[in-house]
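Written out below as structure tokens is the structure these notes cover.
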Amino acid sequence: MRFKVPVPVSWPPPGPKELPFELAIKTGVGAGLSLYAADALGLGFPVYALLAVATTAELGASSSFLLVCYRLIGTVLGVTATVVVVQYWTVTPLSAGIVMGMLVLVCWGVGAQHAARLAPLIFAVGITEYASAQSARQWATGRILATIVGAVVTLAVSAVPVPVGRHSARRRSGPEVHPGVDAPPGFHAGQE
């Protein structure tokens, strides 16, 4: 019997002799470039460019592209909800809970399940840190622009092959975890 469970694309996982040097290089270079670009563009929230790289960098551009799409969907939904709630509704524990639950449902409804944790997280940061309508709009704009900068840098860096020797993780492709992928032979439910 085969189970559909989230499993790493590279099976078995890398051992102590196989370190993800290529991913580390791409993440580090992408982080530096995204911070430089965000500063050069005068973006008010460069940390979000760094976070975009840290959460979307992968070994290949197609893998990063999927993660970037989810990141952008979660970001747009989260900041939109923040601005709407701060401007047109009162921020209370009840309203925050309702909106966060709705964001999860919307993400699943549009087929962006991987954004279902990010959108409420962004909303939570927005309503707690930027409680006035004007500052929420400025934060939302800066957040989206910085995320786009980080996403573009991630895609560029992920497209460049990095030869790192015989232990290169290059033979792997795809995001680190694919929900619903068939488990490899010998894998039993409950193993994680």
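Identifiers in this document derive from the order of the structure tokens: chains are assigned A, B, ..., residues are numbered from 1 separately in each chain, and ligands are numbered from 1 in order of occurrence.
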With 6 Å as the cut-off and only C-alpha atoms counted, what is the closest atom pair between each nearby residue of stretch 49-135 of chain A and stretch 156-162 of chain A? Distances in Å to one decimal, ordered by chain and number, as JSON lines.
{"residue": "A:Leu59", "atom": "CA", "partner": "A:Ser158", "partner_atom": "CA", "distance": 5.8}
{"residue": "A:Gly60", "atom": "CA", "partner": "A:Ser158", "partner_atom": "CA", "distance": 5.1}
{"residue": "A:Ala61", "atom": "CA", "partner": "A:Ala159", "partner_atom": "CA", "distance": 4.7}
Keeping only all heavy atoms, write those residues as an mmCIF file, in the first residue's frame.
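Heads up, here's the output in out26.cif:
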data_model
loop_
_atom_site.group_PDB
_atom_site.id
_atom_site.type_symbol
_atom_site.label_atom_id
_atom_site.label_comp_id
_atom_site.auth_asym_id
_atom_site.auth_seq_id
_atom_site.Cartn_x
_atom_site.Cartn_y
_atom_site.Cartn_z
ATOM 1 N N LEU A 59 17.336 25.102 -5.681
ATOM 2 C CA LEU A 59 18.444 24.760 -6.570
ATOM 3 C C LEU A 59 18.169 25.131 -8.017
ATOM 4 O O LEU A 59 19.085 25.459 -8.755
ATOM 5 C CB LEU A 59 18.747 23.264 -6.457
ATOM 6 C CG LEU A 59 19.178 22.822 -5.058
ATOM 7 C CD1 LEU A 59 19.364 21.322 -5.024
ATOM 8 C CD2 LEU A 59 20.455 23.525 -4.653
ATOM 9 N N GLY A 60 16.929 25.074 -8.438
ATOM 10 C CA GLY A 60 16.586 25.391 -9.822
ATOM 11 C C GLY A 60 15.582 26.515 -9.898
ATOM 12 O O GLY A 60 14.807 26.750 -8.974
ATOM 13 N N ALA A 61 15.570 27.200 -11.036
ATOM 14 C CA ALA A 61 14.672 28.340 -11.216
ATOM 15 C C ALA A 61 13.209 27.913 -11.195
ATOM 16 O O ALA A 61 12.360 28.624 -10.655
ATOM 17 C CB ALA A 61 14.999 29.070 -12.513
#
Test item: residues at most 9 Å from A:His114, only C-alpha atoms, excluding those fewer than 4 positions along its chain, as an NGL selection string: :A and (67 or 70-71 or 74 or 107-108 or 118)
Saved selection, atoms kept: all heavy atoms, as a tab-separated table (two decimals), in the first residue's frame:
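again.tsv written:
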chain	number	residue	atom	x	y	z
A	67	LEU	N	7.74	28.51	-5.49
A	67	LEU	CA	7.76	29.09	-4.15
A	67	LEU	C	7.55	30.60	-4.19
A	67	LEU	O	6.90	31.16	-3.30
A	67	LEU	CB	9.08	28.74	-3.45
A	67	LEU	CG	9.28	27.24	-3.17
A	67	LEU	CD1	10.67	27.00	-2.60
A	67	LEU	CD2	8.22	26.72	-2.23
A	70	TYR	N	3.81	31.32	-4.58
A	70	TYR	CA	3.11	31.18	-3.30
A	70	TYR	C	3.44	32.35	-2.38
A	70	TYR	O	2.58	32.86	-1.66
A	70	TYR	CB	3.46	29.86	-2.62
A	70	TYR	CG	2.92	28.66	-3.34
A	70	TYR	CD1	3.75	27.59	-3.64
A	70	TYR	CD2	1.59	28.58	-3.72
A	70	TYR	CE1	3.25	26.46	-4.31
A	70	TYR	CE2	1.10	27.48	-4.38
A	70	TYR	CZ	1.92	26.42	-4.67
A	70	TYR	OH	1.44	25.32	-5.32
A	71	ARG	N	4.69	32.78	-2.38
A	71	ARG	CA	5.11	33.89	-1.52
A	71	ARG	C	4.37	35.17	-1.92
A	71	ARG	O	3.91	35.92	-1.06
A	71	ARG	CB	6.63	34.08	-1.66
A	71	ARG	CG	7.19	35.20	-0.84
A	71	ARG	CD	7.39	34.76	0.56
A	71	ARG	NE	7.74	35.88	1.40
A	71	ARG	CZ	8.08	35.77	2.65
A	71	ARG	NH1	8.13	34.59	3.21
A	71	ARG	NH2	8.36	36.82	3.36
A	74	GLY	N	0.59	34.89	-0.93
A	74	GLY	CA	0.43	35.08	0.51
A	74	GLY	C	0.67	36.52	0.93
A	74	GLY	O	-0.04	37.06	1.78
A	107	CYS	N	-6.73	31.07	0.60
A	107	CYS	CA	-5.53	30.46	0.01
A	107	CYS	C	-5.83	29.06	-0.51
A	107	CYS	O	-5.46	28.71	-1.62
A	107	CYS	CB	-4.39	30.42	1.02
A	107	CYS	SG	-3.69	32.04	1.38
A	108	TRP	N	-6.52	28.28	0.28
A	108	TRP	CA	-6.87	26.92	-0.16
A	108	TRP	C	-7.85	27.00	-1.32
A	108	TRP	O	-7.77	26.20	-2.25
A	108	TRP	CB	-7.46	26.12	0.99
A	108	TRP	CG	-6.40	25.50	1.84
A	108	TRP	CD1	-5.68	26.11	2.82
A	108	TRP	CD2	-5.91	24.16	1.76
A	108	TRP	NE1	-4.77	25.23	3.35
A	108	TRP	CE2	-4.89	24.02	2.73
A	108	TRP	CE3	-6.23	23.06	0.97
A	108	TRP	CZ2	-4.20	22.84	2.92
A	108	TRP	CZ3	-5.55	21.88	1.17
A	108	TRP	CH2	-4.54	21.79	2.13
A	118	LEU	N	1.43	31.78	5.35
A	118	LEU	CA	2.10	33.07	5.18
A	118	LEU	C	1.11	34.24	5.24
A	118	LEU	O	1.38	35.24	5.90
A	118	LEU	CB	2.86	33.10	3.85
A	118	LEU	CG	3.59	34.39	3.55
A	118	LEU	CD1	4.70	34.64	4.57
A	118	LEU	CD2	4.17	34.34	2.14
Given only C-alpha atoms as the counted atoms, nearest of A:Val149, A:Ile122, A:Phe21, A:Leu155 to A:Leu50: A:Val149
All residues 6 Å or closer to A:Thr154, only C-alpha atoms, same chain fewer than 6 positions away omitted, as a list in words: Gly30, Val53 and Ala57 of chain A
Write out as a ChimeraX atom specification which residues come within 12 Å of A:Pro93 when counting only C-alpha atoms, dropping same-chain ones fewer than 5 positions away. /A:98-100,124,127-128
Export of the given selection (all heavy atoms) as a short mmCIF file (atom, residue, chain, number, x, y, z; two decimals), in the first residue's frame:
data_model
loop_
_atom_site.label_atom_id
_atom_site.label_comp_id
_atom_site.auth_asym_id
_atom_site.auth_seq_id
_atom_site.Cartn_x
_atom_site.Cartn_y
_atom_site.Cartn_z
N ILE A 98 -11.18 35.98 12.88
CA ILE A 98 -12.04 35.76 11.71
C ILE A 98 -11.25 35.96 10.43
O ILE A 98 -11.29 35.13 9.52
CB ILE A 98 -13.28 36.69 11.76
CG1 ILE A 98 -14.22 36.24 12.88
CG2 ILE A 98 -14.00 36.71 10.42
CD1 ILE A 98 -15.35 37.22 13.17
N VAL A 99 -10.53 37.06 10.33
CA VAL A 99 -9.78 37.36 9.11
C VAL A 99 -8.67 36.33 8.88
O VAL A 99 -8.46 35.88 7.74
CB VAL A 99 -9.21 38.79 9.13
CG1 VAL A 99 -8.29 39.04 7.95
CG2 VAL A 99 -10.36 39.81 9.12
N MET A 100 -7.96 35.94 9.93
CA MET A 100 -6.89 34.95 9.74
C MET A 100 -7.46 33.62 9.26
O MET A 100 -6.89 32.98 8.37
CB MET A 100 -6.09 34.80 11.03
CG MET A 100 -5.24 36.05 11.32
SD MET A 100 -4.31 35.96 12.84
CE MET A 100 -2.90 35.00 12.31
N ALA A 124 -1.08 39.31 10.62
CA ALA A 124 -0.83 39.50 12.05
C ALA A 124 0.24 40.56 12.29
O ALA A 124 0.09 41.42 13.16
CB ALA A 124 -0.42 38.17 12.70
N ILE A 127 -1.37 44.11 11.41
CA ILE A 127 -2.33 44.72 12.34
C ILE A 127 -1.72 45.05 13.69
O ILE A 127 -2.22 45.92 14.39
CB ILE A 127 -3.61 43.86 12.53
CG1 ILE A 127 -3.28 42.52 13.18
CG2 ILE A 127 -4.36 43.72 11.22
CD1 ILE A 127 -4.50 41.74 13.62
N THR A 128 -0.65 44.35 14.05
CA THR A 128 -0.04 44.65 15.35
C THR A 128 1.00 45.75 15.27
O THR A 128 1.21 46.47 16.24
CB THR A 128 0.59 43.40 15.98
OG1 THR A 128 1.55 42.86 15.07
CG2 THR A 128 -0.46 42.36 16.29
#
Ranking A:Phe45, A:Pro163, A:Leu51, A:Ala115 by minimum distance to A:Gly32 and counting only C-alpha atoms, which one comes first?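 Answer, going by the shortest atom-to-atom distance: A:Leu51.
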Residue neighbourhood A:Asp39, 10 Å, only C-alpha atoms, exclusion window fewer than 6 positions, as a list in words: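 Listed by chain and then number, they are Leu33, Phe45, Pro46, Ala49 and Ala146 of chain A.
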Once you have the residues from the selection above, write them out as a JSON list (two decimals), in the first residue's frame, restricted to N, CA, C and O atoms.
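The result, stored in result21.json:
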[["chain", "number", "residue", "atom", "x", "y", "z"],
["A", 33, "LEU", "N", 22.37, 40.30, -2.64],
["A", 33, "LEU", "CA", 21.89, 41.06, -3.79],
["A", 33, "LEU", "C", 20.52, 41.70, -3.53],
["A", 33, "LEU", "O", 20.27, 42.83, -3.94],
["A", 45, "PHE", "N", 11.34, 48.74, 3.74],
["A", 45, "PHE", "CA", 11.32, 47.48, 4.49],
["A", 45, "PHE", "C", 12.18, 46.43, 3.80],
["A", 45, "PHE", "O", 11.68, 45.42, 3.30],
["A", 46, "PRO", "N", 13.50, 46.63, 3.76],
["A", 46, "PRO", "CA", 14.37, 45.69, 3.04],
["A", 46, "PRO", "C", 14.40, 44.29, 3.67],
["A", 46, "PRO", "O", 14.76, 43.32, 3.00],
["A", 49, "ALA", "N", 12.69, 41.71, 1.57],
["A", 49, "ALA", "CA", 13.43, 41.19, 0.42],
["A", 49, "ALA", "C", 14.31, 40.03, 0.87],
["A", 49, "ALA", "O", 14.40, 38.98, 0.19],
["A", 146, "ALA", "N", 9.29, 45.12, -1.65],
["A", 146, "ALA", "CA", 10.48, 44.41, -1.17],
["A", 146, "ALA", "C", 10.38, 42.92, -1.46],
["A", 146, "ALA", "O", 11.38, 42.28, -1.82]]
Quick one: DSSP helix (DSSP H, G or I) residues in stretch 42-188 of chain A, as a PyMOL selection string? chain A and resi 47-56+61-88+93-109+113-115+118-129+133-158+169-171
Please compute the atom CA of A:Thr75-atom CA of A:Ile144 distance, one decimal, in Å.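 Interatomic distance here is 6.6 Å.
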Have a look at atom CA of A:Val104 and atom CA of A:Ala31 and let me know their distance in Å, one decimal.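 Result for atom CA of A:Val104 versus atom CA of A:Ala31: 28.1 Å, one decimal.
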Please measure the separation of atom CA of A:Val79 and atom CA of A:Ala140, giving the value in Å to one decimal. 5.2 Å
Neighbours of A:Gly78 within 8 Å (only C-alpha atoms; same-chain residues fewer than 5 positions away dropped), as a list in words?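 Non-adjacent residues within range: Leu103, Leu118, Ala119, Pro120, Leu121, Ile122 and Phe123 of chain A.
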For A:Ala52, work out the shell of residues within 8 Å, counting only C-alpha atoms and skipping chain neighbours fewer than 4 positions away, then give it as an NGL selection string. :A and (48 or 56 or 68 or 71 or 147 or 150-151 or 154)
